[in-house]
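A.B. asks: I'd like to ask you about the structure that follows.
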Amino acid sequence: MSLAVSAGSDLLALPNLIMVEQSNHFLHSDCMKPSLVQNIKNVARDLGFQKIGITEAQTTLKEHKRLNEWLAAGNQAQMHWIEKRKEERGAIHEYFPEAKSIISVGMNYFTGLSREVVGAKLNFSNYAWGDDYHLILKERLWKLLAYIKQQTSNVQGVVCVDTAPVMEKVWAQRAGLGWQGKHTNLISCDYGSWLFLGELIVDIELGYDEPFIADLCGTCTACIDACPTEALTAYQLDARKCISYLTIERRGDIPEEYADKLNGWIYGCDICQEVCPWNRKFARESMEVAFQARMAIKTYTNDDWEHLSEEEFRKIFRNSPVKRTKHSGLRRNIKSNS
Ligand code: B12
Ligand code: SF4
Ligand code: SF4
């Protein structure tokens, strides 16, 4: 039997009585109640999430310890915001005391284009080719919460996408979405690692998925070998050396020793993911219009980027993740590459 949420244009308008399909007949859910968990997953899928899993909000002692060790070694560089909220990041109930279940979602952002086809040798990481994912994922997760509230009264929930002090990859792994590869990103068997992650944390118990226990990296070390700045050791990243950190998060000049190794990256870096066999074999083109590359990303030449005015910057990167670096940051990155 297949359960399918009836395709309504407005998910919030989904009826309390969901239609379910059985042998080509539509039945009222009053006659045959599908579980809330299955409905949540169906609605999440309709909202455009390709990967959905649910896990219990339990303690994360091992990961908390590793986070503390990672911080103590100075791997966070200038990202003091990680340290400031490390207790919440390492223990979900410090962040949301009532948390019972974590609905973890992944959204495919692979555009299907490689950086070889764009007009410039200066590169933007493909996660930043289109609209800002924070806004897109958050809006849809709020809709998912609204749906759950329609079904069950007295549910409280919080929506997290990137900026909340939660370890998103850890929850995604526990919810069965995939495993954390040696490049530290979460990899799924069906989309590779080109997935944005987000969570809806709720204060009700739900049915839970099996965690993804296998580590499918095997003996591969392609990401570690390809990283131009040697930022990776297996399963750990030293942000001080990472081009993504240096071009997005770092304030001030990019240190000389790394400026030589930027390899054309002016916003983020995709090298460790590009070489990953899971992405090479299993990446699938995203149907999400919002993630498609902006015209300038595809057509601008090095010369265009080198002469980019502040006004153009504002126009091109309105509602894009690139605005985080500001015009001055992008100019610094371009200069560091020359
Ligand atoms: C800080 C941050 C960064 C920093 C640091 C990255 C890092 N690896 O920590 C910088 C700026 C470098 C960065 C870069 C990127 N980021 Co970022 N980042 C984050 C953020 C906000 C927090 C991550 C964090 O907690 N780091 C702290 C360290 C301690 O965590 P960790 O790396 O997971 O560490 C674990 C492992 O080291 C492991 N471990 C340690 N020893 C061992 C040993 C073994 C055997 C094992 C198995 C594990 C293990 O234990 C640690 C704790 O669990 C998350 C969002 C979030 N709230 O979670 C996004 C996030 C991880 N970033 C994301 C993305 C897309 C990127 C980039 C790809 C962007 C780009 N193209 O430039 C790069 C990828 C670089 C890379 N190789 O990781 C996505 C990843 C999606 C995915 N599929 O995994 C996230 C989840 C944002 C999102 N909502 O989608 N990021
Ligand atoms: S994002 Fe680039 S610099 Fe950072 S670890 Fe991956 S390959 Fe290395
Ligand atoms: S490149 Fe190899 S080692 Fe690195 S994450 Fe992918 S499979 Fe794992």
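Chain labels follow the order of the structure tokens: the first chain is A, the next B, and so on; residue numbering restarts at 1 in every chain, and ligands are counted from 1 in their shown order.
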Using only C-alpha atoms and all ligand atoms, find each residue in chain A having at least one atom no more than 6 Å away from ligand 1; report its shortest atom-to-atom pair and that distance in Å (one decimal), rows by chain then rising number, as a Markdown table.
C.D. replies:
```
| residue | atom | partner | partner_atom_place_in_ligand_line | distance |
| --- | --- | --- | --- | --- |
| A:Glu63 | CA | ligand 1 | 53 (O) | 4.2 |
| A:Arg66 | CA | ligand 1 | 52 (C) | 5.0 |
| A:Leu67 | CA | ligand 1 | 29 (C) | 4.2 |
| A:Trp70 | CA | ligand 1 | 29 (C) | 5.3 |
| A:Ser125 | CA | ligand 1 | 71 (N) | 4.9 |
| A:Tyr127 | CA | ligand 1 | 71 (N) | 6.0 |
| A:Val161 | CA | ligand 1 | 89 (N) | 4.9 |
| A:Asp162 | CA | ligand 1 | 89 (N) | 3.8 |
| A:Thr163 | CA | ligand 1 | 57 (N) | 5.4 |
| A:Ala164 | CA | ligand 1 | 57 (N) | 5.6 |
| A:Pro165 | CA | ligand 1 | 57 (N) | 5.7 |
| A:Val166 | CA | ligand 1 | 57 (N) | 5.0 |
| A:Met167 | CA | ligand 1 | 58 (O) | 4.1 |
| A:Glu168 | CA | ligand 1 | 58 (O) | 3.9 |
| A:Lys169 | CA | ligand 1 | 84 (O) | 5.7 |
| A:Val170 | CA | ligand 1 | 53 (O) | 5.9 |
| A:His183 | CA | ligand 1 | 77 (N) | 4.6 |
| A:Thr184 | CA | ligand 1 | 78 (O) | 5.0 |
| A:Asn185 | CA | ligand 1 | 84 (O) | 3.5 |
| A:Leu186 | CA | ligand 1 | 84 (O) | 3.6 |
| A:Ile187 | CA | ligand 1 | 83 (N) | 5.9 |
| A:Ser193 | CA | ligand 1 | 83 (N) | 4.5 |
| A:Trp194 | CA | ligand 1 | 83 (N) | 5.7 |
| A:Leu195 | CA | ligand 1 | 83 (N) | 4.5 |
| A:Phe196 | CA | ligand 1 | 90 (O) | 3.5 |
| A:Leu197 | CA | ligand 1 | 90 (O) | 4.0 |
| A:Gly198 | CA | ligand 1 | 89 (N) | 5.4 |
| A:Tyr235 | CA | ligand 1 | 49 (C) | 4.8 |
| A:Gln236 | CA | ligand 1 | 37 (O) | 4.0 |
| A:Leu237 | CA | ligand 1 | 8 (N) | 5.2 |
| A:Ala239 | CA | ligand 1 | 12 (C) | 4.8 |
| A:Cys242 | CA | ligand 1 | 12 (C) | 5.7 |
| A:Ser244 | CA | ligand 1 | 72 (O) | 4.2 |
| A:Tyr245 | CA | ligand 1 | 11 (C) | 3.9 |
| A:Gly268 | CA | ligand 1 | 72 (O) | 3.4 |
| A:Cys269 | CA | ligand 1 | 72 (O) | 4.2 |
| A:Asp270 | CA | ligand 1 | 71 (N) | 4.7 |
```
A.B. asks: Could you list, as a ChimeraX atom specification, all the residues within 12 Å of ligand 2, counting only C-alpha atoms and all ligand atoms?
C.D. replies: /A:123-127,181-185,221-248,258-259,261-276
A.B. asks: Could you build a table of the residues in stretch 265-294 of chain A lying no more than 12 Å from stretch 47-59 of chain A, giving for each the nearest pair of atoms and their separation in Å rounded to one decimal place, using only C-alpha atoms, ordered by chain and ascending residue number, as JSON lines?
C.D. replies:
```
{"residue": "A:Arg284", "atom": "CA", "partner": "A:Gln50", "partner_atom": "CA", "distance": 10.9}
{"residue": "A:Glu285", "atom": "CA", "partner": "A:Gln50", "partner_atom": "CA", "distance": 11.8}
{"residue": "A:Ser286", "atom": "CA", "partner": "A:Gln50", "partner_atom": "CA", "distance": 9.7}
{"residue": "A:Met287", "atom": "CA", "partner": "A:Gly48", "partner_atom": "CA", "distance": 9.0}
{"residue": "A:Glu288", "atom": "CA", "partner": "A:Gly48", "partner_atom": "CA", "distance": 7.9}
{"residue": "A:Val289", "atom": "CA", "partner": "A:Gly48", "partner_atom": "CA", "distance": 11.1}
{"residue": "A:Ala290", "atom": "CA", "partner": "A:Gly48", "partner_atom": "CA", "distance": 11.5}
```
A.B. asks: So that I can check the surroundings of stretch 153-158 of chain A, please list as a PDB file with N, CA and C atoms, in the first residue's frame every protein, DNA and RNA residue that reaches within 10 Å of it, counting only C-alpha atoms and ignoring chain neighbours fewer than 4 positions away.
C.D. replies:
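Output below, filename result.pdb:
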```
ATOM      1  N   PHE A  96      17.316  23.689  23.870  1.00  0.00           N
ATOM      2  CA  PHE A  96      15.855  23.599  23.878  1.00  0.00           C
ATOM      3  C   PHE A  96      15.469  22.528  24.913  1.00  0.00           C
ATOM      4  N   GLU A  98      12.913  21.407  26.306  1.00  0.00           N
ATOM      5  CA  GLU A  98      11.749  20.519  26.131  1.00  0.00           C
ATOM      6  C   GLU A  98      11.924  19.557  24.949  1.00  0.00           C
ATOM      7  N   ALA A  99      13.066  19.620  24.272  1.00  0.00           N
ATOM      8  CA  ALA A  99      13.239  18.834  23.037  1.00  0.00           C
ATOM      9  C   ALA A  99      13.011  17.349  23.273  1.00  0.00           C
ATOM     10  N   LYS A 100      12.176  16.747  22.410  1.00  0.00           N
ATOM     11  CA  LYS A 100      11.961  15.287  22.503  1.00  0.00           C
ATOM     12  C   LYS A 100      12.369  14.597  21.192  1.00  0.00           C
ATOM     13  N   SER A 101      12.058  15.261  20.069  1.00  0.00           N
ATOM     14  CA  SER A 101      12.341  14.627  18.782  1.00  0.00           C
ATOM     15  C   SER A 101      12.989  15.639  17.834  1.00  0.00           C
ATOM     16  N   ILE A 102      13.877  15.119  17.007  1.00  0.00           N
ATOM     17  CA  ILE A 102      14.520  15.995  16.019  1.00  0.00           C
ATOM     18  C   ILE A 102      14.210  15.461  14.627  1.00  0.00           C
ATOM     19  N   LYS A 138      14.393  27.388   6.114  1.00  0.00           N
ATOM     20  CA  LYS A 138      13.672  27.815   7.327  1.00  0.00           C
ATOM     21  C   LYS A 138      12.183  27.983   7.049  1.00  0.00           C
ATOM     22  N   LEU A 141      10.556  24.659   6.843  1.00  0.00           N
ATOM     23  CA  LEU A 141      10.473  23.953   8.129  1.00  0.00           C
ATOM     24  C   LEU A 141       9.397  24.569   9.028  1.00  0.00           C
ATOM     25  N   TRP A 142       9.226  25.887   8.942  1.00  0.00           N
ATOM     26  CA  TRP A 142       8.125  26.524   9.698  1.00  0.00           C
ATOM     27  C   TRP A 142       6.784  26.006   9.198  1.00  0.00           C
ATOM     28  N   LEU A 145       6.213  22.688  10.710  1.00  0.00           N
ATOM     29  CA  LEU A 145       5.765  22.823  12.102  1.00  0.00           C
ATOM     30  C   LEU A 145       4.283  23.211  12.140  1.00  0.00           C
ATOM     31  N   ALA A 146       3.898  24.121  11.260  1.00  0.00           N
ATOM     32  CA  ALA A 146       2.493  24.540  11.229  1.00  0.00           C
ATOM     33  C   ALA A 146       1.601  23.338  10.921  1.00  0.00           C
ATOM     34  N   ILE A 148       2.260  20.177  11.644  1.00  0.00           N
ATOM     35  CA  ILE A 148       2.203  19.301  12.829  1.00  0.00           C
ATOM     36  C   ILE A 148       1.248  19.900  13.868  1.00  0.00           C
ATOM     37  N   LYS A 149       1.299  21.226  14.001  1.00  0.00           N
ATOM     38  CA  LYS A 149       0.408  21.884  14.967  1.00  0.00           C
ATOM     39  C   LYS A 149      -1.063  21.695  14.593  1.00  0.00           C
ATOM     40  N   ALA A 164      21.842  28.005  14.188  1.00  0.00           N
ATOM     41  CA  ALA A 164      21.508  27.638  15.572  1.00  0.00           C
ATOM     42  C   ALA A 164      22.647  26.796  16.161  1.00  0.00           C
ATOM     43  N   GLU A 199      16.832  21.324  10.713  1.00  0.00           N
ATOM     44  CA  GLU A 199      16.127  20.527  11.725  1.00  0.00           C
ATOM     45  C   GLU A 199      14.875  21.248  12.199  1.00  0.00           C
ATOM     46  N   LEU A 200      13.880  20.425  12.491  1.00  0.00           N
ATOM     47  CA  LEU A 200      12.717  20.900  13.225  1.00  0.00           C
ATOM     48  C   LEU A 200      12.726  20.110  14.541  1.00  0.00           C
ATOM     49  N   ILE A 201      12.941  20.830  15.645  1.00  0.00           N
ATOM     50  CA  ILE A 201      13.019  20.161  16.949  1.00  0.00           C
ATOM     51  C   ILE A 201      11.676  20.374  17.650  1.00  0.00           C
ATOM     52  N   VAL A 202      11.059  19.288  18.096  1.00  0.00           N
ATOM     53  CA  VAL A 202       9.729  19.406  18.712  1.00  0.00           C
ATOM     54  C   VAL A 202       9.705  18.765  20.100  1.00  0.00           C
ATOM     55  N   ASP A 203       8.695  19.176  20.865  1.00  0.00           N
ATOM     56  CA  ASP A 203       8.616  18.685  22.244  1.00  0.00           C
ATOM     57  C   ASP A 203       7.640  17.516  22.386  1.00  0.00           C
ATOM     58  N   ILE A 204       7.417  16.797  21.272  1.00  0.00           N
ATOM     59  CA  ILE A 204       6.565  15.595  21.370  1.00  0.00           C
ATOM     60  C   ILE A 204       7.363  14.371  20.911  1.00  0.00           C
TER      61      ILE A 204
END
```
A.B. asks: Taking only C-alpha atoms into account, which of A:Asn108, A:Asn75, A:Gln150, A:Thr60 comes nearest A:Ile40?
C.D. replies: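 When distances to A:Ile40 are compared using only C-alpha atoms, the smallest one comes from A:Gln150.
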A.B. asks: Identify all residues of stretch 109-323 of chain A in strand (DSSP E or B) (DSSP on the backbone) and supply them as a ChimeraX atom specification.
C.D. replies: /A:123-124,157-160,179-180,186-188,192,195-202,232-233,236-237,265-267
A.B. asks: Identify which of the residues A:Asp131, A:Glu310, A:Asp260, A:Asp215 lies closest to ligand 3, counting only C-alpha atoms and all ligand atoms when measuring atom-to-atom distances.
C.D. replies: A:Asp215
A.B. asks: Would you compute the distance between atom CA of A:Ser320 and atom CA of A:Trp129? Give it in Å to one decimal.
C.D. replies: 7.8 Å
A.B. asks: Using only C-alpha atoms, which protein or nucleic acid residues come within 7 Å of stretch 171-173 of chain A? Drop anything in the same chain fewer than 3 positions from it, and give the result as JSON, numbers by chain.
C.D. replies: {"A": [104, 167, 168, 176, 177, 178, 179, 211, 212]}
A.B. asks: Given only C-alpha atoms as the basis, pick out the residue of A:Ala175, A:Glu87, A:Ala293, A:Arg250 nearest to A:Asp209.
C.D. replies: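 Closest to A:Asp209 of all the choices is A:Ala175.
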A.B. asks: Measure the distance from atom CA of A:Lys86 to atom CA of A:Glu210 in Å and round it to one decimal.
C.D. replies: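 So the answer is 26.5 Å.
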A.B. asks: Which of these, A:Met107, A:Val117, A:Ala72, A:Cys220, has the shortest distance to ligand 3 once you count only C-alpha atoms and all ligand atoms?
C.D. replies: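 Comparing A:Met107, A:Val117, A:Ala72, A:Cys220 against ligand 3, the winner is A:Cys220.
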A.B. asks: DSSP says helix (DSSP H, G or I) for which residues of stretch 173-233 of chain A? Put them as a VMD selection string?
C.D. replies: chain A and resid 173 to 174 222 to 226
